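Step one of this worksheet: look at the structure below.
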Amino acid sequence: MVPVSVGGIAQSALLTDQLLVYYRQLSEGLLTVVDVETTGSRPPDARVIEIAVVQGSLKQGITHETSFVVDAKVRVPPTITRLTGITTAMVEQGTAAEEVWQALRSPLDQGVLTGHNLAFDYSFIQAEYQRLGQGFKRPEAQQFCTVILSRLLLADLPSRSLPQLVRHFGFDVGRSHRALADTKACWLLANLLLERLANTSDDALRQQFAEQWVPLRDAVKVFGGSRSDLQRQLDARGCERRTSRRGNRHMYRRGDLERLYRELHPQQMTLNLDEAGG
């Protein structure tokens, strides 16, 4: 029972078979792809200064596209200008923040919210609506992070950062670190990954997913108990272990973790997708 998450946002399935069901469902529905450019790394101290939204489905293609430079009444740090090209003058000439977020409320509430490292974009969107005295929350089953699926399907690549994937696949989207370009890149990547998944058998995907390295700290959240106890159980079974480059994070194969979970919690095998997402 291994969570697939970034920043605590589950990818709606805890076991590989549930994960396959979830990803295959995504190919049939509406995706709402988002990207934000911000003045820093964490809300509420930092603000959104640009946002883009692209909606569509694999069958219909893009059906809606919009982007805004957002006048959030803030100065843009020089480091952000160097990264994005967005200046304080551009922001001052942008659309008022309240107008932007009211205009985007309807599309952001539709489809499966999708992003590359979605936890980052989602946290900023939530913070901006909170500033307006509004809540914004999408069910975990309606959130899709392409970073996570990239790690499962593109494990052989040295990097799954969006600029690197744009270069690897030759996506013609314009300058990285601008909201519309990154949103289009994420849209193209989502299509590529979901089509690849649709054209691969369940058995082949199970084998591929089983090779994923999962941080022990993520597995503990689902297994319960202590990190050291879970590590002892895995090591006693001779499970392969890898240590992160910084040496402070142990990781185990998804397949080994799921086999242990089945042994310890056979009753949980009946979980459905909605229960897994919650």
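As shown in the structure tokens, the chain order sets the letters A, B, ...; within each chain, residues go from 1, and ligands are also counted from 1 in the order they appear.
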Point to revise | Every residue of segment 92-206 of chain A that DSSP places in strand (DSSP E or B), as a VMD selection string | key: chain A and resid 95 to 96 112 to 115 143 to 145
If you keep all heavy atoms, can you produce a file of those selected residues as a short mmCIF file (atom, residue, chain, number, x, y, z; two decimals), in the first residue's frame?
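Produced file selection06.cif, reproduced below:
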data_model
loop_
_atom_site.label_atom_id
_atom_site.label_comp_id
_atom_site.auth_asym_id
_atom_site.auth_seq_id
_atom_site.Cartn_x
_atom_site.Cartn_y
_atom_site.Cartn_z
N THR A 95 -3.44 42.34 -15.15
CA THR A 95 -4.84 42.35 -14.71
C THR A 95 -4.91 42.24 -13.19
O THR A 95 -4.15 41.47 -12.59
CB THR A 95 -5.60 41.16 -15.35
OG1 THR A 95 -5.44 41.21 -16.76
CG2 THR A 95 -7.08 41.22 -15.01
N ALA A 96 -5.80 43.01 -12.58
CA ALA A 96 -5.93 43.00 -11.13
C ALA A 96 -6.17 41.58 -10.62
O ALA A 96 -6.92 40.80 -11.22
CB ALA A 96 -7.07 43.90 -10.69
N VAL A 112 -9.97 17.48 -14.27
CA VAL A 112 -8.92 17.01 -13.37
C VAL A 112 -7.82 18.05 -13.36
O VAL A 112 -7.20 18.32 -14.40
CB VAL A 112 -8.37 15.64 -13.83
CG1 VAL A 112 -7.19 15.22 -12.96
CG2 VAL A 112 -9.47 14.58 -13.76
N LEU A 113 -7.57 18.67 -12.22
CA LEU A 113 -6.54 19.69 -12.11
C LEU A 113 -5.18 19.04 -12.32
O LEU A 113 -4.82 18.09 -11.62
CB LEU A 113 -6.62 20.36 -10.74
CG LEU A 113 -5.83 21.66 -10.59
CD1 LEU A 113 -6.43 22.76 -11.48
CD2 LEU A 113 -5.83 22.11 -9.14
N THR A 114 -4.42 19.57 -13.27
CA THR A 114 -3.20 18.92 -13.73
C THR A 114 -2.05 19.91 -13.72
O THR A 114 -2.21 21.08 -14.11
CB THR A 114 -3.40 18.39 -15.16
OG1 THR A 114 -4.50 17.48 -15.18
CG2 THR A 114 -2.15 17.69 -15.68
N GLY A 115 -0.89 19.47 -13.27
CA GLY A 115 0.29 20.32 -13.29
C GLY A 115 1.55 19.50 -13.15
O GLY A 115 1.51 18.33 -12.75
N GLN A 143 -6.96 15.34 -9.04
CA GLN A 143 -5.66 16.00 -9.16
C GLN A 143 -4.69 15.04 -9.85
O GLN A 143 -4.64 13.86 -9.53
CB GLN A 143 -5.12 16.37 -7.77
CG GLN A 143 -5.99 17.35 -7.01
CD GLN A 143 -5.42 17.67 -5.65
OE1 GLN A 143 -4.21 17.84 -5.49
NE2 GLN A 143 -6.28 17.75 -4.65
N PHE A 144 -3.90 15.57 -10.75
CA PHE A 144 -2.99 14.76 -11.56
C PHE A 144 -1.66 15.50 -11.69
O PHE A 144 -1.61 16.58 -12.27
CB PHE A 144 -3.62 14.50 -12.92
CG PHE A 144 -2.70 13.88 -13.95
CD1 PHE A 144 -1.72 12.97 -13.60
CD2 PHE A 144 -2.85 14.21 -15.30
CE1 PHE A 144 -0.89 12.40 -14.57
CE2 PHE A 144 -2.03 13.65 -16.26
CZ PHE A 144 -1.05 12.74 -15.90
N CYS A 145 -0.61 14.92 -11.13
CA CYS A 145 0.72 15.50 -11.21
C CYS A 145 1.56 14.75 -12.23
O CYS A 145 1.82 13.56 -12.08
CB CYS A 145 1.40 15.46 -9.83
SG CYS A 145 3.07 16.14 -9.86
#
Counting only C-alpha atoms, what are the residues of segment 72-124 of chain A within 7 Å of segment 35-59 of chain A, and for each of them which pair of atoms is the nearest and at what distance in Å, to one decimal? Sort the table by chain and rising number, as CSV.
residue,atom,partner,partner_atom,distance
A:Ala72,CA,A:Ile49,CA,6.4
A:Val76,CA,A:Thr39,CA,5.9
A:Pro77,CA,A:Thr39,CA,6.6
A:Ile80,CA,A:Thr39,CA,6.3
A:Val91,CA,A:Ile49,CA,6.6
A:Gly115,CA,A:Asp35,CA,6.5
A:Asp121,CA,A:Val36,CA,5.9
A:Phe124,CA,A:Pro43,CA,5.8
Can you list every residue of segment 7-102 of chain A that has an atom at most 12 Å from segment 200-215 of chain A, with its nearest atom pair and the distance in Å to one decimal, using only C-alpha atoms, ordered by chain then number, as a Markdown table?
| residue | atom | partner | partner_atom | distance |
| --- | --- | --- | --- | --- |
| A:Leu15 | CA | A:Phe209 | CA | 10.2 |
| A:Thr16 | CA | A:Arg206 | CA | 6.7 |
| A:Asp17 | CA | A:Arg206 | CA | 7.7 |
| A:Gln18 | CA | A:Arg206 | CA | 10.9 |
| A:Leu19 | CA | A:Phe209 | CA | 9.6 |
| A:Leu20 | CA | A:Asp202 | CA | 7.4 |
| A:Val21 | CA | A:Asp202 | CA | 9.7 |
| A:Tyr23 | CA | A:Leu205 | CA | 11.3 |
| A:Arg24 | CA | A:Asp202 | CA | 10.2 |
Check your understanding: Of the candidates A:Asn117, A:Gln93, A:Gln134, A:Gln233, which one gets nearest to Val70 of chain A if we count only C-alpha atoms?
Key ->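 Ranked by minimum distance to Val70 of chain A, first place goes to A:Gln93.
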Practice item. Just the residues within 12 Å of segment 241-243 of chain A, please, counting only C-alpha atoms, with nothing from its chain fewer than 6 positions along; format it as a list of chain:residue names. Key: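 Here the qualifying residues turn out to be A:Glu211, A:Gln212, A:Trp213, A:Val214, A:Pro215, A:Leu216, A:Gln231, A:Arg232, A:Leu234, A:Asp235, A:Arg249, A:His250, A:Met251, A:Tyr252, A:Arg253, A:Arg254, A:Asp256, A:Leu257.
The space between atom CA of Val222 of chain A and atom CA of Ala141 of chain A spans 17.2 Å.
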Check your understanding: Taking into account only C-alpha atoms, which residue in the set A:Pro139, A:Gly61, A:Gly225, A:Pro78 is nearest to Tyr122 of chain A?
Key ->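 Among the listed residues, A:Pro139 lies closest to Tyr122 of chain A.
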Practice item. As a PyMOL selection string, please: all residues of segment 62-238 of chain A that backbone DSSP puts in helix (DSSP H, G or I). Key: chain A and resi 78-84+88-92+97-108+118-131+140-142+146-153+162-169+179-198+202-210+216-223+227-236
Check your understanding: What lies within 12 Å of Leu189 of chain A using only C-alpha atoms, ignoring chain neighbours under 3 positions off, as a ChimeraX atom specification?
Key -> /A:33,58,114-116,145-150,153-154,160-173,182-186,192-196
Go ahead and save the picked residues with N, CA, C and O atoms, as a compact mmCIF listing (two decimals), in the first residue's frame.
# COMPACT_ATOMS: atom_id res chain seq x y z
N VAL A 33 -5.14 21.99 -17.11
CA VAL A 33 -3.71 22.09 -16.87
C VAL A 33 -3.38 23.52 -16.44
O VAL A 33 -3.81 24.48 -17.07
N LEU A 58 -7.83 14.13 -24.38
CA LEU A 58 -7.03 13.46 -25.39
C LEU A 58 -7.81 13.30 -26.69
O LEU A 58 -7.26 13.36 -27.77
N THR A 114 -4.42 19.57 -13.27
CA THR A 114 -3.20 18.92 -13.73
C THR A 114 -2.05 19.91 -13.72
O THR A 114 -2.21 21.08 -14.11
N GLY A 115 -0.89 19.47 -13.27
CA GLY A 115 0.29 20.32 -13.29
C GLY A 115 1.55 19.50 -13.15
O GLY A 115 1.51 18.33 -12.75
N HIS A 116 2.67 20.12 -13.49
CA HIS A 116 3.98 19.47 -13.32
C HIS A 116 4.53 19.93 -11.99
O HIS A 116 4.95 21.07 -11.84
N CYS A 145 -0.61 14.92 -11.13
CA CYS A 145 0.72 15.50 -11.21
C CYS A 145 1.56 14.75 -12.23
O CYS A 145 1.82 13.56 -12.08
N THR A 146 1.99 15.45 -13.27
CA THR A 146 2.76 14.79 -14.33
C THR A 146 4.18 14.46 -13.89
O THR A 146 4.82 13.60 -14.49
N VAL A 147 4.69 15.12 -12.84
CA VAL A 147 6.00 14.72 -12.31
C VAL A 147 5.95 13.27 -11.84
O VAL A 147 6.86 12.48 -12.13
N ILE A 148 4.89 12.93 -11.13
CA ILE A 148 4.79 11.59 -10.57
C ILE A 148 4.72 10.53 -11.67
O ILE A 148 5.43 9.52 -11.63
N LEU A 149 3.87 10.76 -12.67
CA LEU A 149 3.77 9.79 -13.76
C LEU A 149 5.07 9.75 -14.56
O LEU A 149 5.46 8.69 -15.06
N SER A 150 5.76 10.88 -14.69
CA SER A 150 7.05 10.90 -15.38
C SER A 150 8.06 10.01 -14.67
O SER A 150 8.85 9.30 -15.31
N LEU A 153 7.10 6.40 -15.67
CA LEU A 153 7.23 5.99 -17.08
C LEU A 153 8.54 6.43 -17.73
O LEU A 153 8.90 5.90 -18.78
N LEU A 154 9.22 7.41 -17.13
CA LEU A 154 10.45 7.94 -17.73
C LEU A 154 11.61 7.82 -16.77
O LEU A 154 12.46 8.71 -16.67
N ARG A 160 13.52 14.74 -14.72
CA ARG A 160 12.13 14.89 -15.13
C ARG A 160 11.64 16.32 -14.89
O ARG A 160 10.46 16.57 -14.78
N SER A 161 12.56 17.29 -14.84
CA SER A 161 12.15 18.68 -14.76
C SER A 161 11.50 19.06 -16.08
O SER A 161 11.83 18.52 -17.14
N LEU A 162 10.57 20.01 -16.03
CA LEU A 162 9.83 20.36 -17.24
C LEU A 162 10.73 20.92 -18.34
O LEU A 162 10.60 20.51 -19.50
N PRO A 163 11.66 21.85 -18.04
CA PRO A 163 12.54 22.32 -19.12
C PRO A 163 13.35 21.20 -19.77
O PRO A 163 13.54 21.18 -20.99
N GLN A 164 13.81 20.25 -18.95
CA GLN A 164 14.57 19.12 -19.51
C GLN A 164 13.68 18.24 -20.39
O GLN A 164 14.11 17.77 -21.45
N LEU A 165 12.44 18.02 -19.98
CA LEU A 165 11.53 17.21 -20.78
C LEU A 165 11.14 17.92 -22.07
O LEU A 165 10.96 17.29 -23.11
N VAL A 166 10.99 19.24 -22.00
CA VAL A 166 10.72 20.02 -23.22
C VAL A 166 11.84 19.81 -24.22
O VAL A 166 11.59 19.59 -25.42
N ARG A 167 13.09 19.89 -23.75
CA ARG A 167 14.23 19.68 -24.65
C ARG A 167 14.28 18.24 -25.14
O ARG A 167 14.54 17.98 -26.34
N HIS A 168 14.04 17.28 -24.25
CA HIS A 168 14.14 15.87 -24.62
C HIS A 168 13.13 15.51 -25.71
O HIS A 168 13.46 14.82 -26.67
N PHE A 169 11.89 15.97 -25.56
CA PHE A 169 10.84 15.61 -26.50
C PHE A 169 10.67 16.63 -27.64
O PHE A 169 9.90 16.39 -28.56
N GLY A 170 11.39 17.74 -27.57
CA GLY A 170 11.32 18.73 -28.63
C GLY A 170 9.99 19.46 -28.70
O GLY A 170 9.53 19.83 -29.80
N PHE A 171 9.36 19.68 -27.55
CA PHE A 171 8.09 20.41 -27.53
C PHE A 171 8.32 21.87 -27.98
O PHE A 171 9.18 22.55 -27.44
N ASP A 172 7.53 22.33 -28.92
CA ASP A 172 7.64 23.69 -29.42
C ASP A 172 6.64 24.57 -28.69
O ASP A 172 5.51 24.78 -29.14
N VAL A 173 7.04 25.08 -27.52
CA VAL A 173 6.10 25.82 -26.67
C VAL A 173 6.59 27.21 -26.29
O VAL A 173 5.85 27.97 -25.66
N ASP A 182 4.81 26.84 -20.14
CA ASP A 182 4.91 25.67 -19.26
C ASP A 182 3.61 24.89 -19.20
O ASP A 182 3.61 23.66 -19.09
N THR A 183 2.48 25.61 -19.28
CA THR A 183 1.19 24.91 -19.28
C THR A 183 1.04 24.08 -20.54
O THR A 183 0.59 22.93 -20.50
N LYS A 184 1.42 24.65 -21.68
CA LYS A 184 1.34 23.89 -22.94
C LYS A 184 2.29 22.70 -22.91
O LYS A 184 1.97 21.61 -23.42
N ALA A 185 3.47 22.89 -22.32
CA ALA A 185 4.42 21.79 -22.21
C ALA A 185 3.85 20.68 -21.34
O ALA A 185 3.97 19.49 -21.67
N CYS A 186 3.21 21.06 -20.24
CA CYS A 186 2.60 20.06 -19.35
C CYS A 186 1.46 19.35 -20.06
O CYS A 186 1.28 18.13 -19.90
N LEU A 192 1.31 12.73 -23.97
CA LEU A 192 2.32 11.72 -24.33
C LEU A 192 2.33 10.58 -23.32
O LEU A 192 2.32 9.40 -23.70
N LEU A 193 2.33 10.91 -22.03
CA LEU A 193 2.40 9.88 -20.99
C LEU A 193 1.14 9.03 -20.96
O LEU A 193 1.21 7.80 -20.84
N LEU A 194 -0.03 9.67 -21.06
CA LEU A 194 -1.29 8.91 -21.00
C LEU A 194 -1.47 8.05 -22.25
O LEU A 194 -2.01 6.94 -22.17
N GLU A 195 -1.03 8.53 -23.40
CA GLU A 195 -1.10 7.70 -24.60
C GLU A 195 -0.15 6.52 -24.50
O GLU A 195 -0.48 5.40 -24.92
N ARG A 196 1.05 6.76 -23.96
CA ARG A 196 2.01 5.67 -23.77
C ARG A 196 1.43 4.62 -22.83
O ARG A 196 1.53 3.42 -23.06
Practice item. Find the residue from A:Pro158, A:Leu260, A:Gly85, A:Val100 that sits nearest to Ala236 of chain A; use only C-alpha atoms when measuring. Key: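 Distance minimum relative to Ala236 of chain A lands on A:Leu260.
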